[in-house]
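Participant: Have a look at the structure that comes next, please.
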Amino acid sequence: MTEKKLANSQLGSLEYDPAPESASIARLKPSYGLFIDGSFSDPSKHEQFVTLNPANEEVIATVAQASAGDVDAAVAAARHAYETVWSKTTGAERSKYLFRIARLIQERARELAVVETLDNGKPIRESRDVDIPLAAAHFFYYAGWADKLDHAGFGADPRPIGVAGQIIPWNFPLLMAAWKLAPALAAGNTCVLKPAETTPLSALILAEILQQAELPPGVVNIVTGNGTTGAALVDHPGVDKIAFTGSTDVGRLIQQRVASSQKRLTLELGGKGANIVFEDAPIDEMIEGIIDGIFFNQGHVCCAGSRLLVQESIADEVLRRLVRRVEQLRVGDPMDKNTDVGAINSAAQLARIQELTAFGEGEGATRYTSSCVLPENGYWFAPTIFADVSQSHRIAREEIFGPVLSVLTFRTPEEAVAKANNTNYGLACGVWSEKGSRTLWVAQRLRAGVIWANTYNRFDPTSPFGGVRESGFGREGGRHGLEAYLNV
Amino acid sequence: MSKDDYGVKIPRTSTVPAVGSEAQLRALLTALSGVDAVGAEARAAQLATRSIKKSTKLAAIDLAISMVDLTTLEGADTPGRVSSLCAKALRPDPRDLTVPSVAAVCVYPDLVAHARSVLADAPVAVASVATAFPSGRASLNVKLLDVHEAVAAGANEIDMVIDRGAFLSGRLGQVFDEVAAVKETCGEAHLKVILETGELVTYDNVRRASWLAMLAGADFIKTSTGKVTVNATTPVALVMLEAVRDFAETTGRIVGVKVAGGIRNTKDAMKYLVLVNETVGSTWLTPDLFRFGASSLLNDLLMQRLKQQRGAYVRPDEFSGD
Amino acid sequence: MSDSRLDVRKTYKLLINGAFPRSESGRSYEVTTASGEFLANVAQGSRKDLRDAVAAARAAQAKWWGSTAYNRGQVIYRLAEMAESRRAELAEHVALAEGLSAKKAQKSVSRAIDRMVWYAGWTDKIAQVFGGANPVAGPFFNFSLPTPSGVVAVIASQNSSLEGFVDEVLAPISAGNTVVVISSERRPTPSILLGEMTVTSDFPPGVLNIVSGITAELAPTLASHEDVDGIDLAGVVGDEANELSITAAASIKRVFRPNESDTATTTRRLRAFIETSTVWHTIGQ
C-alpha cells in the first residue's frame with residue numbers, strides 16, 4: 001500500500017476585503033405610521049414597536065402596531081376605493097398603474113435591496129439579484145394581464161372578488177408583497193396588506209412607491225403589526241378574500257377561522273422539500289443545487305430542499321463534496337457583497353433552529369457544522385449538515401426553516417419517490433439526473449406543487465408556485481395566479 | 001469541521017491510470033459526470049459577482065500580472081516586435097520595480113530563438129505554440145518536428161492544439177496518442193494542451209477533452225488558441241478547473257489551467273482568479289498552475305494597479321503599447 | 001303465472017373496493033319513497049366502513065391517475081353506456097326517490113347520462129385546458145400539469161339522487177382522484193344502482209366507493225380523516241356545512257361548497273380537486 005498523505009489545497013484562501021454596501025442608501029425614517037387610504041398616519045397616534053437589524057440587533061426604525069380599529073379603517077378604505085374607483089377603472093388603466101409600479105421598483109432597486117437586507121438579514125447579493133428584480137418582474141407580468149382577463153381561461157369578463165386581506169411572511173418581504181398585490185390589483189381587487197412583524201420596512205417603501213405611482217388612495221393599504229393585526233384582518237367581515245403565506249400551523253388556524261364565512265382563501269404554507277439525487281446526476285451542478293436549495297436565504301424558504309435523498313452508490317462522495325462546499329460558504333455581514341449566508345431573521349427563529357438541531361444530534365444523526373466564525377452580535381447559525389438521518393427523525397419530518405440539511409439515502413427510483421412523498425407537506429422537490437425519462441417518471445409521481453429538475457429554488461412570475469396537501473392550496477404566479485383573485 | 005480538513009485533497013503518490021486502448025479511454029471518459037450547462041453557467045455568473053476591493057485587489061492584480069503569458073501570434077510578428085514584448089514582459093512598468101514580471105512570452109516557433117536570446121537568463125519563460133497552430137491540421141510527423149524545433153530553439157513551454165476533428169469524430173485514441181507523443185518530444189519543456197473549447201462546443205466535451213489531455217500527460221490544459229470566434233469563457237474555465245481538481249484528487253497529479261483569448265481587462269482577470277480561488281484553491285493560485293494567455297490584459301492590469309495607488313483613473317498612455 | 005308471487009327484496013349494500021359488503025356494523029336502515037312507502041333496506045355505514053373505503057380509495061388512486069387519460073375517458077364513457085342500457089331501472093328509482101313523474105324522472109336520467117358523457121370527454125382535456133407552458137425568463141423548460149388532489153370525500157346532494165350525484169363524483173374522478181361518497185341519506189338507491197354499474201363497467205376497484213347511511217353521523221369522520229385530501233359538501237348546508245369546513249381545515253383539505261353560480265357548463269367543481277404541479281427543467285447542450 002502506498003502512503004496516503006494528503007496535500008490539501010485550501011479553497012477560498014484568497015481573502016476578500018470587506019465590500020460592504022452603504023447602509024445610508026436606505027434613506028429610512030426613524031418611525032413609520034400606517035399606510036391607509038393613500039397616506040401615512042401619524043406614528044405617534046399608534047402603539048409603536050421596533051424593527052431590528054438581525055445581523056447586529058440594532059434598532060432600524062419604529063413601526064406602528066395596527067389595532068383592530070386601524071384594520072377596520074384600512075378595510076373601509078379598501079372597500080370605498082373598490083366601489084368608487086377601482087371597479088370603475090378599466091383593465092387598461094389598471095395595467096398602466098402596475099407598469100408604473102414595476103418601473104419605480106426598478107428605479108429604487110438599490111435602496112430597496114439595502115432596506116431588505118437591513119431588515120431581514122439576508123445577503124445583499126440575494127436581495128439585489130433575486131428579491132428586488134423578481135418583485136419588479138412580478139408587477140410587470142401581472143400588469144399585462146389586467147386588460148386581458150377575458151383571455152385567461154376563466155370565461156368572459158371574469159369579476160374580481162372585492163377586498164383582499166393579504167398576510168405575508170418575513171423571508172422575502174418585498175417579493176411576497178409583490179406576489180400578493182400584483183395579481184390582486186390586475187384582477188381588479190383592492191387590498192389590505194399585513195407585512196410580517198419583523199420585516200415591515202420594504203412594504204412601507206413600497207407604499208411610498210404606490211404614492212409616486214399615483215395609485216388611487218385606498219386601493220392598497222398597508223397595516224403593520226403582529227399576529228393580532230393579522231387576526232383582525234382575517235376575522236374582518238368586510239374582507240372578501242384572505243391570502244396567507246406562512247407556517248402550516250397558522251394556515252390551519254386561518255382556514256378554521258374563515259371556514260364558516262363566505263371568504264375565499266388561498267394558503268401558501270410550509271414544506272419539507274426533498275432533493276433527489278441520482279448517481280448519474282451532473283455532479284458539480286448538483287452540489288451547487290443542493291447548496292442553493294438549502295442555504296439560499298439562510299434556509300428561510302418554504303420550498304427549501306431540506307431533505308437530501310441521495311442514491312446510496314454515491315452517498316459518500318456527495319457528502320464529502322457537500323461538506324467541503326459548506327466550509328466555503330461565506331457567512332457574515334449581510335451587507336457585504338461577498339456574503340453567501342446572512343443572519344437568522346429573529347431570536348425566535350434562531351431558538352427554533354437550535355431546538356430542532358439539538359434533536360438531530362440526540363436522534364443519532366452525524367452533524368457537520370461549518371467552522372465559519374460567527375459575529376458576536378445578532379442572530380446567527382452556522383450552516384449545518386446532518387448525515388445518517390432516518391425518515392423517522394424529527395429533522396427529517398419537521399420544517400426547520402434554517403440552514404440545516406438532512407441527508408438520507410435510497411436505492412431505487414421507486415424508493416426515492418416513496419421517501420420524498422412520505423410527508424404531510426407537498427410544496428417542492430428537486431430531481432437530479434442526466435436521464436430524462438427517469439426524471440419525468442419521478443416528477444410525475446412526486447406529490448409537490450413545484451418540481452425542479454437539475455436546478456433548485458428558481459422563481460419566475462410566469463410560473464405558478466404553491467403546494468399540495470398541508471403545504472396549502474392556490475397558486476401564485478402565472479395565469480394560475482389570477483384564479484385566486486377572480487370570482488370564478 | 002475545519003477548512004483544512006475539507007479542501008481539495010491531493011494524494012502524495014501519483015497513480016495516473018495507464019491507458020492501454022481506445023476502448024478503455026472511451027470508457028474512462030464516458031464515465032465522467034455530465035455537465036448541466038445551465039448550472040455551470042449560473043455558478044460562473046454567481047462567482048462573477050464577487051466584489052474584489054482594496055488590498056485584495058492590489059494583491060490579485062500583482063498575482064494576475066505574474067500569471068500572464070504575454071502573447072503575440074500575428075503573421076506580421078517580427079524580431080523587433082518580439083524584442084519589445086520581452087522588455088515589457090520583464091519590466092511591465094519600468095518606473096515601478098515592485099511590479100512583477102509576467103510568467104512567459106508566447107510566440108510562434110520561428111521567433112523562439114530570438115525571444116530566448118533577448119530574455120537570456122531572466123525569470124520569464126518562453127512559450128511557443130506548436131503542432132500546426134491554430135488549426136492542428138497536419139500530420140503527426142510535421143507536428144512533432146514543429147515541437148522539436150521550438151524546444152531546440154529554447155522554448156520552456158509548448159502550447160499544442162489538439163485535433164478537434166479527430167476528437168469530434170470519436171477518434172479519441174488518435175488525439176491521446178498525439179498528446180502523448182508531443183509530451184515525449186517536449187522533454188523538459190512544459191506541455192500546455194489547447195482544447196479549443198469554442199470548437200468543442202459542449203461542456204461535456206470540454207470535461208472529456210480535459211481528462212483526455214491530462215491522462216495523456218498534459219502539464220496544463222488551455223482553453224483556446226484565441227483564433228476562433230469563441231475563446232475562454234468563465235463557465236468553460238470552471239469546468240476545466242473542476243477537471244483538474246478531480247484529476248488531482250483521483251490521481252495525485254496536479255495539472256495547471258490556462259485561459260486564453262478575449263481576456264482584456266482587470267475585471268475579467270479578477271473573475272478568473274475568483275473561479276480558481278473557489279474551485280481549486282490555494283495550490284493553483286500561482287503562475288506555475290494558472291495562466292492568462294493575453295496581450296492587452298497586461299496594460300489594463302497596470303492601469304488598475306496605478307489607479308488603486310493613486311486613487312484616480314490614469315491615462316492609457318501611461319504605459320507602453322507593447 | 002300467478003301475480004301473487006312473493007317478491008324478492010333487495011338489500012342495498014355498500015360499495016367498497018369493488019365489492020358490496022354489508023356494513024361492518026351490521027346495521028341497516030329503512031328507506032322510503034318520496035311519498036313515504038317502504039322502498040328498501042339499505043346498509044347503514046359506519047365510521048369503520050368509511051375507514052375501509054378511504055383506504056381502498058387511497059390504494060386505487062395512484063393506479064387510476066397512472067392510467068392514461070384516454071383510458072379514464074373510456075371507463076367513464078362505458079359507465080354512460082351501462083346506464084343508458086339500464087335507464088328504465090334508474091328512472092324508476094329516481095321517480096320513487098324524488099317523487100317525480102315517470103317522464104320527469106326519465107329526463108333527469110337522460111341529463112345524468114349526458115353528464116357522464118361530458119366527464120368522459122374531460123379526462124384528456126384537463127391537462128390542456130388547465131395546464132400549460134410557462135415562458136420563464138431563463139434557460140428552462142417549464143410546464144404546469146394539473147394533477148389530482150388524491151382522495152376526495154363527497155357528501156352527496158340530499159335531493160338530486162342521480163344527477164347531482166353524477167356531477168359530484170365524476171368531476172373529481174375524471175381529474176384522476178378517487179372518491180368516497182356518502183350517498184343521499186333518504187334517497188340513496190339511484191346512486192347505489194349506479195355504483196353497481198361501475199363494477200361492471202371497467203371502473204377499477206376503489207375508484208368509487210359508496211357508503212350509505214346517516215349523513216350527520218358519517219360526514220364528520222370524512223371531514224376529519226387526515227388521509228382525505230378534499231371534500232365536496234354538496235349534501236350539507238348551514239351550520240352543519242360550517243362545522244364540517246372547520247373540521248376539514250385541521251388537515252388543510254380542499255373544501256368545495258356549491259353555490260348558485262355553478263351551472264352545468266362551469267368548471268368550478270372540476271377545478272376544485274385539481275392541483276397544479278409545475279416542473280422546471282434546464283435547457284442546455
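Lettering and numbering for the C-alpha cells are positional, with chains as A, B, ... in the shown order, residues counted from 1 in each chain, and ligands counted from 1 in the shown order.
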With a distance threshold of 9 Å and counting only C-alpha atoms, extract the residues of chain B near chain C and express them as an MDAnalysis selection string.
Facilitator: chainID B and resid 36:39 201:204
Participant: Chain B residues within 8 Å of chain A, counting only C-alpha atoms: which ones, as an mmCIF file with N, CA and C atoms, in the first residue's frame?
Facilitator:
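The resulting part_21.cif:
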data_model
loop_
_atom_site.group_PDB
_atom_site.id
_atom_site.type_symbol
_atom_site.label_atom_id
_atom_site.label_comp_id
_atom_site.auth_asym_id
_atom_site.auth_seq_id
_atom_site.Cartn_x
_atom_site.Cartn_y
_atom_site.Cartn_z
ATOM 1 N N MET B 1 -15.604 20.347 12.093
ATOM 2 C CA MET B 1 -15.234 20.661 10.718
ATOM 3 C C MET B 1 -14.241 21.813 10.692
ATOM 4 N N SER B 2 -13.321 21.769 9.790
ATOM 5 C CA SER B 2 -12.477 22.941 9.594
ATOM 6 C C SER B 2 -12.079 22.993 8.131
ATOM 7 N N LYS B 3 -11.689 24.192 7.715
ATOM 8 C CA LYS B 3 -11.361 24.375 6.305
ATOM 9 C C LYS B 3 -10.225 23.456 5.881
ATOM 10 N N ASP B 4 -9.278 23.231 6.807
ATOM 11 C CA ASP B 4 -8.123 22.413 6.455
ATOM 12 C C ASP B 4 -8.516 20.974 6.127
ATOM 13 N N ASP B 5 -9.523 20.487 6.818
ATOM 14 C CA ASP B 5 -9.904 19.092 6.602
ATOM 15 C C ASP B 5 -10.678 18.905 5.302
ATOM 16 N N TYR B 6 -11.237 19.976 4.794
ATOM 17 C CA TYR B 6 -12.138 19.809 3.658
ATOM 18 C C TYR B 6 -11.738 20.641 2.457
ATOM 19 N N GLY B 7 -10.454 20.748 2.201
ATOM 20 C CA GLY B 7 -10.007 21.391 0.977
ATOM 21 C C GLY B 7 -10.025 20.374 -0.153
ATOM 22 N N VAL B 8 -9.195 20.666 -1.167
ATOM 23 C CA VAL B 8 -9.028 19.696 -2.246
ATOM 24 C C VAL B 8 -7.912 18.754 -1.829
ATOM 25 N N LYS B 9 -8.228 17.500 -1.639
ATOM 26 C CA LYS B 9 -7.256 16.554 -1.076
ATOM 27 C C LYS B 9 -6.499 15.850 -2.187
ATOM 28 N N ILE B 10 -5.207 16.066 -2.187
ATOM 29 C CA ILE B 10 -4.392 15.519 -3.279
ATOM 30 C C ILE B 10 -3.445 14.462 -2.708
ATOM 31 N N PRO B 11 -3.581 13.216 -3.113
ATOM 32 C CA PRO B 11 -2.680 12.177 -2.613
ATOM 33 C C PRO B 11 -1.253 12.482 -3.051
ATOM 34 N N ARG B 12 -0.293 12.197 -2.149
ATOM 35 C CA ARG B 12 1.113 12.453 -2.474
ATOM 36 C C ARG B 12 1.599 11.523 -3.590
ATOM 37 N N THR B 13 1.030 10.340 -3.603
ATOM 38 C CA THR B 13 1.509 9.363 -4.566
ATOM 39 C C THR B 13 0.681 9.438 -5.834
ATOM 40 N N SER B 33 -18.924 12.406 -14.974
ATOM 41 C CA SER B 33 -20.234 13.019 -14.786
ATOM 42 C C SER B 33 -20.506 14.029 -15.903
ATOM 43 N N GLY B 34 -21.742 14.110 -16.315
ATOM 44 C CA GLY B 34 -22.123 15.121 -17.287
ATOM 45 C C GLY B 34 -22.080 16.509 -16.653
ATOM 46 N N VAL B 35 -22.158 17.522 -17.517
ATOM 47 C CA VAL B 35 -22.206 18.898 -17.027
ATOM 48 C C VAL B 35 -23.559 19.478 -17.434
ATOM 49 N N ASP B 36 -24.282 20.023 -16.486
ATOM 50 C CA ASP B 36 -25.519 20.716 -16.827
ATOM 51 C C ASP B 36 -25.160 22.156 -17.177
ATOM 52 N N GLY B 39 -26.559 25.021 -15.009
ATOM 53 C CA GLY B 39 -25.971 25.087 -13.677
ATOM 54 C C GLY B 39 -24.548 25.617 -13.716
ATOM 55 N N ALA B 40 -23.771 25.157 -14.701
ATOM 56 C CA ALA B 40 -22.378 25.601 -14.800
ATOM 57 C C ALA B 40 -22.328 27.103 -15.081
ATOM 58 N N ARG B 43 -23.351 29.078 -11.955
ATOM 59 C CA ARG B 43 -22.299 29.116 -10.935
ATOM 60 C C ARG B 43 -21.213 30.124 -11.336
ATOM 61 N N THR B 49 -19.927 37.784 -9.500
ATOM 62 C CA THR B 49 -20.424 38.928 -8.726
ATOM 63 C C THR B 49 -19.559 39.211 -7.493
ATOM 64 N N ARG B 50 -18.550 38.387 -7.262
ATOM 65 C CA ARG B 50 -17.664 38.663 -6.119
ATOM 66 C C ARG B 50 -17.055 40.054 -6.278
ATOM 67 N N SER B 51 -17.010 40.756 -5.190
ATOM 68 C CA SER B 51 -16.505 42.123 -5.219
ATOM 69 C C SER B 51 -15.095 42.134 -4.635
ATOM 70 N N ILE B 52 -14.112 42.405 -5.498
ATOM 71 C CA ILE B 52 -12.713 42.375 -5.069
ATOM 72 C C ILE B 52 -12.242 43.813 -4.884
ATOM 73 N N LYS B 53 -11.938 44.154 -3.644
ATOM 74 C CA LYS B 53 -11.629 45.555 -3.319
ATOM 75 C C LYS B 53 -10.291 45.678 -2.606
ATOM 76 N N LYS B 54 -9.810 46.905 -2.583
ATOM 77 C CA LYS B 54 -8.695 47.331 -1.719
ATOM 78 C C LYS B 54 -7.472 46.426 -1.801
ATOM 79 N N SER B 55 -7.008 45.971 -0.649
ATOM 80 C CA SER B 55 -5.734 45.232 -0.628
ATOM 81 C C SER B 55 -5.872 43.912 -1.376
ATOM 82 N N THR B 56 -7.048 43.313 -1.328
ATOM 83 C CA THR B 56 -7.260 42.091 -2.093
ATOM 84 C C THR B 56 -7.046 42.377 -3.566
ATOM 85 N N GLU B 242 -12.694 22.281 -12.496
ATOM 86 C CA GLU B 242 -13.262 21.104 -11.824
ATOM 87 C C GLU B 242 -12.546 19.837 -12.279
ATOM 88 N N ASN B 277 -9.820 30.500 -7.059
ATOM 89 C CA ASN B 277 -9.829 30.536 -5.597
ATOM 90 C C ASN B 277 -10.920 29.643 -5.023
ATOM 91 N N GLU B 278 -12.097 29.690 -5.624
ATOM 92 C CA GLU B 278 -13.227 28.992 -5.014
ATOM 93 C C GLU B 278 -13.488 27.609 -5.610
ATOM 94 N N THR B 279 -12.742 27.256 -6.655
ATOM 95 C CA THR B 279 -12.964 25.924 -7.239
ATOM 96 C C THR B 279 -11.823 24.973 -6.923
ATOM 97 N N VAL B 280 -10.586 25.473 -7.005
ATOM 98 C CA VAL B 280 -9.445 24.595 -6.742
ATOM 99 C C VAL B 280 -8.556 25.096 -5.600
ATOM 100 N N GLY B 281 -8.606 26.386 -5.324
ATOM 101 C CA GLY B 281 -7.970 26.886 -4.117
ATOM 102 C C GLY B 281 -6.491 27.209 -4.207
ATOM 103 N N SER B 282 -5.878 27.310 -3.041
ATOM 104 C CA SER B 282 -4.561 27.914 -2.860
ATOM 105 C C SER B 282 -3.471 27.294 -3.736
ATOM 106 N N THR B 283 -3.484 25.989 -3.874
ATOM 107 C CA THR B 283 -2.417 25.322 -4.623
ATOM 108 C C THR B 283 -2.282 25.893 -6.033
ATOM 109 N N TRP B 284 -3.414 26.251 -6.624
ATOM 110 C CA TRP B 284 -3.416 26.701 -8.018
ATOM 111 C C TRP B 284 -3.214 28.212 -8.157
#
Participant: With a cut-off of 8 Å, could you pull out the residues of chain C touching chain A and give me the nearest pair of atoms for each, distance in Å to one decimal, using only C-alpha atoms, ordered by chain and ascending number, as a Markdown table?
Facilitator:
| residue | atom | partner | partner_atom | distance |
| --- | --- | --- | --- | --- |
| C:Val129 | CA | A:Gly153 | CA | 7.8 |
| C:Asn134 | CA | A:Ser463 | CA | 5.7 |
| C:Pro135 | CA | A:Thr462 | CA | 6.3 |
| C:Val136 | CA | A:Asp460 | CA | 5.8 |
| C:Ala137 | CA | A:Asp460 | CA | 7.0 |
| C:Asn142 | CA | A:Ser463 | CA | 7.5 |
| C:Ser144 | CA | A:Pro464 | CA | 7.4 |
| C:Ser149 | CA | A:Val468 | CA | 7.3 |
| C:Asp229 | CA | A:Arg469 | CA | 6.6 |
| C:Asp239 | CA | A:Ser260 | CA | 7.8 |
| C:Ala241 | CA | A:Ser260 | CA | 7.9 |
| C:Asn242 | CA | A:Ser260 | CA | 4.5 |
| C:Glu243 | CA | A:Ser260 | CA | 7.4 |
| C:Ser245 | CA | A:Ala259 | CA | 5.3 |
| C:Ile246 | CA | A:Gln256 | CA | 4.7 |
| C:Thr247 | CA | A:Gln256 | CA | 7.5 |
| C:Ala249 | CA | A:Gln256 | CA | 5.4 |
| C:Ala250 | CA | A:Arg252 | CA | 5.8 |
| C:Ser251 | CA | A:Glu470 | CA | 6.5 |
| C:Ile252 | CA | A:Glu470 | CA | 5.4 |
| C:Lys253 | CA | A:Arg469 | CA | 7.1 |
| C:Arg254 | CA | A:Phe473 | CA | 7.3 |
| C:Arg268 | CA | A:Val488 | CA | 7.0 |
| C:Glu275 | CA | A:Val468 | CA | 6.7 |
| C:Thr276 | CA | A:Gly449 | CA | 6.0 |
| C:Ser277 | CA | A:Gly449 | CA | 4.3 |
| C:Thr278 | CA | A:Val450 | CA | 4.7 |
| C:Val279 | CA | A:Ile451 | CA | 4.7 |
| C:Trp280 | CA | A:Trp452 | CA | 4.8 |
| C:His281 | CA | A:Ala453 | CA | 4.7 |
| C:Thr282 | CA | A:Asn454 | CA | 6.2 |
Participant: Which residues, written as a VMD selection string, have at least one atom at most 7 Å from C:Asp202, with only C-alpha atoms counted and residues fewer than 3 positions away on the same chain left out?
Facilitator: chain C and resid 75 198 to 199
Participant: Could you turn the residues from that selection into a file that holds N, CA and C atoms, as a short mmCIF file (atom, residue, chain, number, x, y, z; two decimals), in the first residue's frame?
Facilitator:
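Saved result, again05.cif, follows:
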data_model
loop_
_atom_site.label_atom_id
_atom_site.label_comp_id
_atom_site.auth_asym_id
_atom_site.auth_seq_id
_atom_site.Cartn_x
_atom_site.Cartn_y
_atom_site.Cartn_z
N VAL C 75 -63.37 4.49 -19.62
CA VAL C 75 -64.04 3.86 -18.47
C VAL C 75 -65.31 4.63 -18.11
N THR C 198 -70.85 0.64 -12.00
CA THR C 198 -69.40 0.91 -12.16
C THR C 198 -68.60 -0.38 -12.07
N VAL C 199 -69.09 -1.31 -11.29
CA VAL C 199 -68.34 -2.55 -11.09
C VAL C 199 -68.34 -3.39 -12.36
#
Participant: Would you list the contacts of C:Val54 as a ChimeraX atom specification, taking every protein, DNA or RNA residue within 9 Å and counting only C-alpha atoms, but skipping same-chain residues closer than 4 positions in sequence?
Facilitator: /C:16,49-50,58-59,151-153,179-180,206,209,222,225,227-228
Participant: For B:Leu285, which of B:Ala103, B:Leu172, B:Val19, B:Ala64 is the closest residue, counting only C-alpha atoms?
Facilitator: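 Result for the nearest residue to B:Leu285: B:Ala64.
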Participant: Pick out the residues sitting within 12 Å of C:Ala19, and hand them over as a PDB file with C-alpha atoms, in the first residue's frame; count only C-alpha atoms, and ignore anything fewer than 2 positions along from it in its own chain.
Facilitator:
ATOM      1  CA  LYS C  13     -75.269  -2.628   0.196  1.00  0.00           C
ATOM      2  CA  LEU C  14     -72.169  -0.527   0.389  1.00  0.00           C
ATOM      3  CA  LEU C  15     -69.626  -0.319  -2.429  1.00  0.00           C
ATOM      4  CA  ILE C  16     -66.086  -0.541  -1.116  1.00  0.00           C
ATOM      5  CA  ASN C  17     -63.100  -1.502  -3.232  1.00  0.00           C
ATOM      6  CA  PRO C  21     -70.199  -5.534   1.822  1.00  0.00           C
ATOM      7  CA  ARG C  22     -72.944  -5.042   4.320  1.00  0.00           C
ATOM      8  CA  SER C  23     -71.891  -2.510   6.863  1.00  0.00           C
ATOM      9  CA  ASP C  52     -62.033   0.960   4.813  1.00  0.00           C
ATOM     10  CA  ALA C  53     -63.405   2.995   1.944  1.00  0.00           C
ATOM     11  CA  ALA C  56     -59.438   1.464  -0.737  1.00  0.00           C
ATOM     12  CA  GLY C 195     -72.379   2.162  -8.137  1.00  0.00           C
ATOM     13  CA  GLU C 196     -73.316  -1.370  -9.111  1.00  0.00           C
ATOM     14  CA  MET C 197     -72.918  -0.374 -12.745  1.00  0.00           C
ATOM     15  CA  THR C 198     -69.401   0.912 -12.158  1.00  0.00           C
ATOM     16  CA  VAL C 199     -68.339  -2.547 -11.092  1.00  0.00           C
ATOM     17  CA  THR C 200     -69.430  -3.993 -14.410  1.00  0.00           C
ATOM     18  CA  PHE C 203     -64.063   1.016 -13.063  1.00  0.00           C
ATOM     19  CA  PRO C 204     -61.050  -0.265 -11.160  1.00  0.00           C
ATOM     20  CA  PRO C 205     -61.933  -1.295  -7.609  1.00  0.00           C
ATOM     21  CA  GLY C 206     -61.615   1.556  -5.143  1.00  0.00           C
ATOM     22  CA  VAL C 207     -62.043   4.422  -7.607  1.00  0.00           C
ATOM     23  CA  LEU C 208     -65.622   4.998  -6.477  1.00  0.00           C
ATOM     24  CA  ASN C 209     -66.662   3.897  -3.017  1.00  0.00           C
ATOM     25  CA  ILE C 210     -70.194   4.483  -1.771  1.00  0.00           C
ATOM     26  CA  VAL C 211     -71.191   4.424   1.860  1.00  0.00           C
TER      27      VAL C 211
END
Participant: Take atom CA of A:Gly38 and atom CA of A:Ile222 and report the distance between them in Å, one decimal.
Facilitator: 9.6 Å
Participant: C:Gly235: which residues within 10 Å, counting only C-alpha atoms, same-chain residues fewer than 3 positions away excluded, as a count of residues only?
Facilitator: 21
Participant: Using only C-alpha atoms, determine which residues lie at most 12 Å from B:Asp93, disregarding the query and same-chain residues fewer than 6 positions distant; provide the list as a ChimeraX atom specification.
Facilitator: /B:62,65,87,99-102,298-303,305-306,318-322
Participant: Quick check for you: according to DSSP on this backbone, which residues of stretch 118-201 of chain A are classed as alpha helix (DSSP H)? Reply as a PyMOL selection string.
Facilitator: chain A and resi 118-120+124-126+132-143+173-187+201
Participant: Take the residues that were just selected and, keeping C-alpha atoms, output them as a PDB file, in the first residue's frame.
Facilitator:
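Result file follows (part_5.pdb):
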ATOM      1  CA  LEU A 118     -31.027  45.569   6.849  1.00  0.00           C
ATOM      2  CA  ASP A 119     -34.441  44.456   7.995  1.00  0.00           C
ATOM      3  CA  ASN A 120     -34.273  40.773   7.070  1.00  0.00           C
ATOM      4  CA  ILE A 124     -27.223  41.906  -0.154  1.00  0.00           C
ATOM      5  CA  ARG A 125     -26.276  39.734  -3.143  1.00  0.00           C
ATOM      6  CA  GLU A 126     -29.604  37.950  -2.847  1.00  0.00           C
ATOM      7  CA  ILE A 132     -35.969  43.058  -5.826  1.00  0.00           C
ATOM      8  CA  PRO A 133     -35.678  42.181  -9.558  1.00  0.00           C
ATOM      9  CA  LEU A 134     -38.249  39.429  -9.135  1.00  0.00           C
ATOM     10  CA  ALA A 135     -40.612  41.782  -7.315  1.00  0.00           C
ATOM     11  CA  ALA A 136     -40.418  44.225 -10.208  1.00  0.00           C
ATOM     12  CA  ALA A 137     -40.827  41.383 -12.706  1.00  0.00           C
ATOM     13  CA  HIS A 138     -43.956  40.254 -10.902  1.00  0.00           C
ATOM     14  CA  PHE A 139     -45.599  43.652 -11.347  1.00  0.00           C
ATOM     15  CA  PHE A 140     -44.502  43.724 -14.984  1.00  0.00           C
ATOM     16  CA  TYR A 141     -46.030  40.308 -15.600  1.00  0.00           C
ATOM     17  CA  TYR A 142     -49.390  40.938 -13.980  1.00  0.00           C
ATOM     18  CA  ALA A 143     -49.605  44.439 -15.436  1.00  0.00           C
ATOM     19  CA  PRO A 173     -40.722  40.656   2.438  1.00  0.00           C
ATOM     20  CA  LEU A 174     -40.976  42.750  -0.725  1.00  0.00           C
ATOM     21  CA  LEU A 175     -41.216  39.788  -3.079  1.00  0.00           C
ATOM     22  CA  MET A 176     -44.121  38.318  -1.122  1.00  0.00           C
ATOM     23  CA  ALA A 177     -45.846  41.714  -1.161  1.00  0.00           C
ATOM     24  CA  ALA A 178     -45.439  41.736  -4.950  1.00  0.00           C
ATOM     25  CA  TRP A 179     -46.729  38.168  -5.252  1.00  0.00           C
ATOM     26  CA  LYS A 180     -49.841  39.200  -3.354  1.00  0.00           C
ATOM     27  CA  LEU A 181     -50.525  42.696  -4.650  1.00  0.00           C
ATOM     28  CA  ALA A 182     -49.751  42.372  -8.358  1.00  0.00           C
ATOM     29  CA  PRO A 183     -52.291  39.660  -9.292  1.00  0.00           C
ATOM     30  CA  ALA A 184     -54.896  41.077  -6.906  1.00  0.00           C
ATOM     31  CA  LEU A 185     -54.711  44.544  -8.458  1.00  0.00           C
ATOM     32  CA  ALA A 186     -54.533  43.200 -12.001  1.00  0.00           C
ATOM     33  CA  ALA A 187     -57.737  41.257 -11.367  1.00  0.00           C
ATOM     34  CA  LEU A 201     -39.878  48.219   6.135  1.00  0.00           C
TER      35      LEU A 201
END
Participant: Mind the document's chain letters and residue numbers, and return as a ChimeraX atom specification the residues of stretch 103-163 of chain B that DSSP labels strand (DSSP E or B).
Facilitator: /B:104-107,125-130,157-161
Participant: Write the selection just made, keeping C-alpha atoms, as an mmCIF file, in the first residue's frame?
Facilitator:
data_model
loop_
_atom_site.group_PDB
_atom_site.id
_atom_site.type_symbol
_atom_site.label_atom_id
_atom_site.label_comp_id
_atom_site.auth_asym_id
_atom_site.auth_seq_id
_atom_site.Cartn_x
_atom_site.Cartn_y
_atom_site.Cartn_z
ATOM 1 C CA ALA B 104 6.126 33.963 -20.089
ATOM 2 C CA VAL B 105 6.154 35.418 -23.539
ATOM 3 C CA CYS B 106 4.293 33.365 -26.078
ATOM 4 C CA VAL B 107 5.399 33.441 -29.717
ATOM 5 C CA ALA B 125 9.691 31.672 -19.740
ATOM 6 C CA VAL B 126 9.471 31.405 -23.481
ATOM 7 C CA ALA B 127 6.363 29.640 -24.601
ATOM 8 C CA SER B 128 5.654 28.680 -28.147
ATOM 9 C CA VAL B 129 2.586 27.482 -29.941
ATOM 10 C CA ALA B 130 3.337 24.390 -31.969
ATOM 11 C CA GLU B 157 6.778 25.705 -22.681
ATOM 12 C CA ILE B 158 4.893 24.289 -25.638
ATOM 13 C CA ASP B 159 1.272 25.209 -26.312
ATOM 14 C CA MET B 160 -0.053 22.469 -28.583
ATOM 15 C CA VAL B 161 -3.507 22.266 -30.119
#
